[in-house]
Amino acid sequence: MAAPNGHQESESEHFSPYRSDGKLYGFVCVVTGATQPVGKAIVNELAAHGAACIYACSTVKSDDYAGLADEVNKLHPSTKVIGYPFKLANEEDTLALIDDVLNAWGRLDVYVTSSGLLGPPSIAETTPADLYKLFEANSMAPFFALKYAPPAMAKTTPKKGNYPNAAPKDQAYGSIIVVSSVASTYGGCWGPAFTMSSHAALGVVRAGVATLKGTGVRINCISPGQIDIGVDLKEFDMRGLSAQFPPSSLQSKKVQQEIVGLERSGMPSEVAKVAGFLASGFSSYITGTNQIVDGGASVMNPLTVPI
């Protein structure tokens with residue numbers, strides 16, 4: 001049976017949108033913010049889908065990349081995890097990363113930006129410098145992914161490599177996944193800089209659909225709500241310049257029961273499962289979407305102020 005884009009479904013078992021098992025055999029992936037709770041969960045999820053290699057990227061050179069690789073390899077020994085510190089919103093560093101990926105593997109299949117910043121909770125506390133930092137983390141990183149990942153995703157490797165979980169890539173395809181926040185669609189869930197930069201992140205995804213026409217590359221957004229990232233309030237920087245999400249302890253159990261349909265905070269692994277879906281062939285006809293992962297909170301009560 002012919003697929004809508006003219007490819008035969010049986011033409012290639014390695015043509016990702018038509019893999020019936022959703023596996024990522026042979027896939028080479030990039031995950032930014034990979035040492036934060038959600039990014040780490042996404043690395044584990046892509047490995048569970050059988051990815052051959054995952055570049056675990058962070059801006060912090062001293063992050064425990066070896067520990068992350070050991071953790072993943074205990075469960076998924078065939079996935080190679082490469083720790084890669086780089087400036088996520090820097091054009092030269094992004095190009096250097098993609099060059100390294102292509103030189104080592106000859107292909108790129110999945111690019112996940114999960115490196116967001118929360119920022120200050122009020123406009124009085126927000127400086128222009130803070131706003132620039134949030135735009136860099138929340139929307140410039142997705143912009144560079146949209147601009148530079150698709151040409152790399154167009155590279156094919158018709159021959160099977162000699163590494164674990166190897167598979168040929170004889171068609172151009174790829175998936176760009178932007179992890180943002182429910183602040184991408186409404187205001188009031190934290191601070192103005194967070195809302196502004198999260199809206200811009202979703203704008204990258206929506207602009208990306210037309211940009212990517214004819215490339216075989218899809219782009220989608222994941223917008224988590226209240227996620228329990230395991231940070232104690234005592235350790236939390238209230239200016240939000242080192243955190244991606246607020247601690248769930250800022251919302252009492254009573255508040256969560258009132259405003260969240262599932263009456264609890266989400267877990268990083270639950271965000272990661274959506275990323276695994278968007279990376280795989282299970283989502284082959286999905287692009288330009290905003291996957292809301294908030295337990296129904298935005299439907300129950302679209303204004304959530306976790307302060």
# chains A, B, ... in the order shown; residues from 1 in each chain; ligands from 1

$ residues_around --residues "Leu68 in chain A" --least-positions-apart "4" --cutoff "10 Å" --atoms "only C-alpha atoms" --output "JSON, numbers by chain"
{"A": [34, 35, 40, 43, 44, 56, 63, 64, 72, 73, 81, 82, 83]}

$ residues_around --residues "Ala272 in chain A" --least-positions-apart "4" --cutoff "8 Å" --atoms "only C-alpha atoms" --output "list in words"
Val38, Gly39, Ala41, Ile42, Glu45, Pro268 and Gly276 of chain A

$ atom_distance --atom1 "CA of Phe143 in chain A" --atom2 "CA of Gly188 in chain A"
24.4 Å

$ select_by_dssp --residues "range 38-93 of chain A" --states "helix (DSSP H, G or I)" --output "list in words"
Val38, Gly39, Lys40, Ala41, Ile42, Val43, Asn44, Glu45, Leu46, Ala47, Ala48, Tyr65, Ala66, Gly67, Leu68, Ala69, Asp70, Glu71, Val72, Asn73, Lys74, Leu75, Glu91, Glu92 and Asp93 of chain A

$ closest_residue --among "A:Glu263, A:Asp100, A:Glu91, A:Asp130" --to "Lys147 in chain A" --atoms "only C-alpha atoms"
A:Glu91

$ atom_distance --atom1 "CA of Cys53 in chain A" --atom2 "CA of Thr287 in chain A"
23.6 Å

$ closest_residue --among "A:Lys213, A:Lys133, A:Arg107, A:His49" --to "Ser197 in chain A" --atoms "only C-alpha atoms"
A:Lys133

$ closest_residue --among "A:Val274, A:Ile286, A:Ala297, A:Ile222" --to "Gln256 in chain A" --atoms "only C-alpha atoms"
A:Ala297

$ atom_distance --atom1 "CA of Ser248 in chain A" --atom2 "CA of Arg264 in chain A"
9.0 Å

$ residues_around --residues "Val28 in chain A" --least-positions-apart "6" --cutoff "9 Å" --atoms "only C-alpha atoms" --output "count of residues only"
12

$ residues_around --residues "Pro120 in chain A" --least-positions-apart "2" --cutoff "9 Å" --atoms "only C-alpha atoms" --output "PyMOL selection string"
chain A and resi 118+122-127+130+190-194+238-241

$ write_last_selection --atoms "all heavy atoms" --output "short mmCIF file (atom, residue, chain, number, x, y, z; two decimals), in the first residue's frame"
data_model
loop_
_atom_site.label_atom_id
_atom_site.label_comp_id
_atom_site.auth_asym_id
_atom_site.auth_seq_id
_atom_site.Cartn_x
_atom_site.Cartn_y
_atom_site.Cartn_z
N LEU A 118 13.38 28.70 34.29
CA LEU A 118 12.15 29.19 34.88
C LEU A 118 12.15 30.71 34.99
O LEU A 118 11.18 31.38 34.64
CB LEU A 118 11.98 28.56 36.26
CG LEU A 118 10.65 28.67 36.96
CD1 LEU A 118 9.53 28.05 36.12
CD2 LEU A 118 10.73 27.98 38.32
N SER A 122 8.35 37.40 39.26
CA SER A 122 7.61 38.66 39.08
C SER A 122 8.38 39.58 38.15
O SER A 122 9.59 39.45 37.98
CB SER A 122 7.41 39.35 40.43
OG SER A 122 8.63 39.89 40.90
N ILE A 123 7.67 40.55 37.58
CA ILE A 123 8.32 41.47 36.65
C ILE A 123 9.25 42.43 37.39
O ILE A 123 10.26 42.89 36.85
CB ILE A 123 7.27 42.24 35.81
CG1 ILE A 123 7.95 42.85 34.57
CG2 ILE A 123 6.57 43.31 36.64
CD1 ILE A 123 6.99 43.25 33.49
N ALA A 124 8.92 42.71 38.66
CA ALA A 124 9.78 43.59 39.45
C ALA A 124 11.16 42.99 39.65
O ALA A 124 12.16 43.70 39.74
CB ALA A 124 9.13 43.88 40.80
N GLU A 125 11.22 41.67 39.72
CA GLU A 125 12.50 40.98 39.93
C GLU A 125 13.20 40.63 38.62
O GLU A 125 14.32 40.10 38.65
CB GLU A 125 12.26 39.69 40.72
CG GLU A 125 11.69 39.89 42.10
CD GLU A 125 11.32 38.56 42.73
OE1 GLU A 125 10.25 38.03 42.37
OE2 GLU A 125 12.10 38.06 43.55
N THR A 126 12.56 40.87 37.50
CA THR A 126 13.10 40.47 36.20
C THR A 126 13.89 41.60 35.57
O THR A 126 13.35 42.67 35.29
CB THR A 126 11.97 40.05 35.25
OG1 THR A 126 11.20 39.01 35.86
CG2 THR A 126 12.55 39.54 33.94
N THR A 127 15.17 41.36 35.35
CA THR A 127 16.01 42.35 34.66
C THR A 127 16.05 42.01 33.17
O THR A 127 15.75 40.88 32.77
CB THR A 127 17.44 42.33 35.21
OG1 THR A 127 18.05 41.08 34.88
CG2 THR A 127 17.44 42.51 36.73
N ASP A 130 18.03 38.95 32.66
CA ASP A 130 17.28 37.72 32.96
C ASP A 130 16.45 37.29 31.76
O ASP A 130 16.40 36.11 31.39
CB ASP A 130 16.34 37.92 34.16
CG ASP A 130 17.08 38.17 35.46
OD1 ASP A 130 18.26 37.74 35.57
OD2 ASP A 130 16.49 38.80 36.35
N TRP A 190 3.86 31.32 36.13
CA TRP A 190 5.05 31.63 36.92
C TRP A 190 5.35 33.11 36.76
O TRP A 190 4.66 33.93 37.35
CB TRP A 190 6.24 30.76 36.50
CG TRP A 190 7.47 30.99 37.36
CD1 TRP A 190 8.58 31.68 37.00
CD2 TRP A 190 7.67 30.58 38.72
NE1 TRP A 190 9.48 31.72 38.03
CE2 TRP A 190 8.94 31.05 39.12
CE3 TRP A 190 6.91 29.87 39.64
CZ2 TRP A 190 9.48 30.83 40.39
CZ3 TRP A 190 7.44 29.64 40.91
CH2 TRP A 190 8.70 30.12 41.27
N GLY A 191 6.35 33.48 35.96
CA GLY A 191 6.70 34.88 35.78
C GLY A 191 6.59 35.31 34.34
O GLY A 191 6.49 34.48 33.43
N PRO A 192 6.61 36.62 34.07
CA PRO A 192 6.41 37.11 32.70
C PRO A 192 7.50 36.65 31.73
O PRO A 192 7.20 36.35 30.57
CB PRO A 192 6.42 38.63 32.86
CG PRO A 192 7.07 38.90 34.17
CD PRO A 192 6.76 37.73 35.04
N ALA A 193 8.76 36.59 32.17
CA ALA A 193 9.83 36.18 31.27
C ALA A 193 9.66 34.71 30.86
O ALA A 193 9.95 34.35 29.72
CB ALA A 193 11.20 36.38 31.94
N PHE A 194 9.20 33.90 31.77
CA PHE A 194 8.95 32.49 31.47
C PHE A 194 7.84 32.36 30.45
O PHE A 194 7.95 31.59 29.48
CB PHE A 194 8.58 31.76 32.78
CG PHE A 194 8.50 30.27 32.66
CD1 PHE A 194 9.53 29.53 32.10
CD2 PHE A 194 7.39 29.59 33.14
CE1 PHE A 194 9.46 28.14 32.01
CE2 PHE A 194 7.31 28.21 33.06
CZ PHE A 194 8.34 27.49 32.49
N MET A 238 14.80 30.89 44.15
CA MET A 238 13.52 31.53 43.83
C MET A 238 13.61 32.46 42.63
O MET A 238 12.59 32.85 42.08
CB MET A 238 13.01 32.31 45.05
CG MET A 238 12.47 31.42 46.16
SD MET A 238 11.13 30.31 45.65
CE MET A 238 9.84 31.49 45.24
N ARG A 239 14.83 32.82 42.19
CA ARG A 239 14.95 33.59 40.96
C ARG A 239 14.85 32.70 39.73
O ARG A 239 14.77 33.18 38.61
CB ARG A 239 16.26 34.38 40.94
CG ARG A 239 16.19 35.63 41.82
CD ARG A 239 17.45 36.47 41.71
NE ARG A 239 17.80 36.82 40.34
CZ ARG A 239 17.17 37.73 39.59
NH1 ARG A 239 16.13 38.37 40.09
NH2 ARG A 239 17.56 37.99 38.37
N GLY A 240 14.85 31.39 39.95
CA GLY A 240 14.58 30.44 38.86
C GLY A 240 15.63 30.40 37.77
O GLY A 240 15.35 29.95 36.67
N LEU A 241 16.86 30.84 38.07
CA LEU A 241 17.89 30.89 37.03
C LEU A 241 18.78 29.64 37.02
O LEU A 241 19.79 29.60 36.33
CB LEU A 241 18.75 32.15 37.21
CG LEU A 241 17.97 33.46 36.99
CD1 LEU A 241 18.85 34.66 37.24
CD2 LEU A 241 17.37 33.52 35.59
#

$ closest_residue --among "A:Ser283, A:Asn162, A:Thr185, A:Ser175" --to "Gly216 in chain A" --atoms "only C-alpha atoms"
A:Ser175

$ closest_residue --among "A:Gly106, A:Leu250, A:Cys57, A:Gln244" --to "Ala166 in chain A" --atoms "only C-alpha atoms"
A:Gly106

$ select_by_dssp --residues "range 214-297 of chain A" --states "strand (DSSP E)" --output "number ranges by chain"
A: 217-224, 290-293

$ residues_around --residues "Thr289 in chain A" --least-positions-apart "4" --cutoff "10 Å" --atoms "only C-alpha atoms" --output "list of chain:residue names"
A:Leu202, A:Val205, A:Arg206, A:Val209, A:Arg218, A:Ile219, A:Asn220, A:Cys221, A:Ile222

$ closest_residue --among "A:Leu146, A:Ile292, A:Gly33, A:Asp93" --to "Ser184 in chain A" --atoms "only C-alpha atoms"
A:Ile292

$ residues_around --residues "Thr157 in chain A" --least-positions-apart "2" --cutoff "9 Å" --atoms "only C-alpha atoms" --output "list in words"
Trp105, Gly106, Arg107, Lys155, Lys159, Lys160, Gly161, Ala167, Pro168, Lys169, Asp170 and Gln171 of chain A

$ write_last_selection --atoms "N, CA, C and O atoms" --output "PDB file, in the first residue's frame"
ATOM      1  N   TRP A 105      29.114   9.435  13.266  1.00  0.00           N
ATOM      2  CA  TRP A 105      28.040   8.477  12.990  1.00  0.00           C
ATOM      3  C   TRP A 105      27.467   8.568  11.584  1.00  0.00           C
ATOM      4  O   TRP A 105      26.782   7.648  11.140  1.00  0.00           O
ATOM      5  N   GLY A 106      27.654   9.709  10.927  1.00  0.00           N
ATOM      6  CA  GLY A 106      27.149   9.868   9.569  1.00  0.00           C
ATOM      7  C   GLY A 106      25.666  10.146   9.478  1.00  0.00           C
ATOM      8  O   GLY A 106      25.111  10.207   8.383  1.00  0.00           O
ATOM      9  N   ARG A 107      25.024  10.362  10.626  1.00  0.00           N
ATOM     10  CA  ARG A 107      23.575  10.587  10.606  1.00  0.00           C
ATOM     11  C   ARG A 107      23.136  11.294  11.890  1.00  0.00           C
ATOM     12  O   ARG A 107      23.819  11.265  12.910  1.00  0.00           O
ATOM     13  N   LYS A 155      21.004  13.464   5.858  1.00  0.00           N
ATOM     14  CA  LYS A 155      22.084  12.544   5.521  1.00  0.00           C
ATOM     15  C   LYS A 155      21.611  11.103   5.695  1.00  0.00           C
ATOM     16  O   LYS A 155      20.961  10.771   6.692  1.00  0.00           O
ATOM     17  N   LYS A 159      24.328   1.736   4.333  1.00  0.00           N
ATOM     18  CA  LYS A 159      24.926   0.504   4.840  1.00  0.00           C
ATOM     19  C   LYS A 159      24.803   0.441   6.359  1.00  0.00           C
ATOM     20  O   LYS A 159      24.933   1.450   7.045  1.00  0.00           O
ATOM     21  N   LYS A 160      24.591  -0.748   6.871  1.00  0.00           N
ATOM     22  CA  LYS A 160      24.480  -0.942   8.306  1.00  0.00           C
ATOM     23  C   LYS A 160      25.841  -0.789   8.961  1.00  0.00           C
ATOM     24  O   LYS A 160      26.829  -1.371   8.514  1.00  0.00           O
ATOM     25  N   GLY A 161      25.919   0.015  10.030  1.00  0.00           N
ATOM     26  CA  GLY A 161      27.174   0.218  10.735  1.00  0.00           C
ATOM     27  C   GLY A 161      27.549  -0.994  11.570  1.00  0.00           C
ATOM     28  O   GLY A 161      26.778  -1.951  11.711  1.00  0.00           O
ATOM     29  N   ALA A 167      21.509   0.258  12.248  1.00  0.00           N
ATOM     30  CA  ALA A 167      20.530   0.009  11.190  1.00  0.00           C
ATOM     31  C   ALA A 167      20.796   0.997  10.077  1.00  0.00           C
ATOM     32  O   ALA A 167      21.235   2.125  10.337  1.00  0.00           O
ATOM     33  N   PRO A 168      20.570   0.618   8.837  1.00  0.00           N
ATOM     34  CA  PRO A 168      20.741   1.581   7.735  1.00  0.00           C
ATOM     35  C   PRO A 168      19.715   2.702   7.817  1.00  0.00           C
ATOM     36  O   PRO A 168      18.654   2.550   8.430  1.00  0.00           O
ATOM     37  N   LYS A 169      20.038   3.809   7.202  1.00  0.00           N
ATOM     38  CA  LYS A 169      19.085   4.904   7.017  1.00  0.00           C
ATOM     39  C   LYS A 169      19.101   5.247   5.540  1.00  0.00           C
ATOM     40  O   LYS A 169      20.027   5.889   5.060  1.00  0.00           O
ATOM     41  N   ASP A 170      18.086   4.786   4.836  1.00  0.00           N
ATOM     42  CA  ASP A 170      18.076   5.004   3.395  1.00  0.00           C
ATOM     43  C   ASP A 170      17.012   5.994   2.944  1.00  0.00           C
ATOM     44  O   ASP A 170      16.760   6.146   1.762  1.00  0.00           O
ATOM     45  N   GLN A 171      16.399   6.674   3.908  1.00  0.00           N
ATOM     46  CA  GLN A 171      15.468   7.760   3.597  1.00  0.00           C
ATOM     47  C   GLN A 171      15.772   8.920   4.537  1.00  0.00           C
ATOM     48  O   GLN A 171      16.210   8.717   5.659  1.00  0.00           O
TER      49      GLN A 171
END
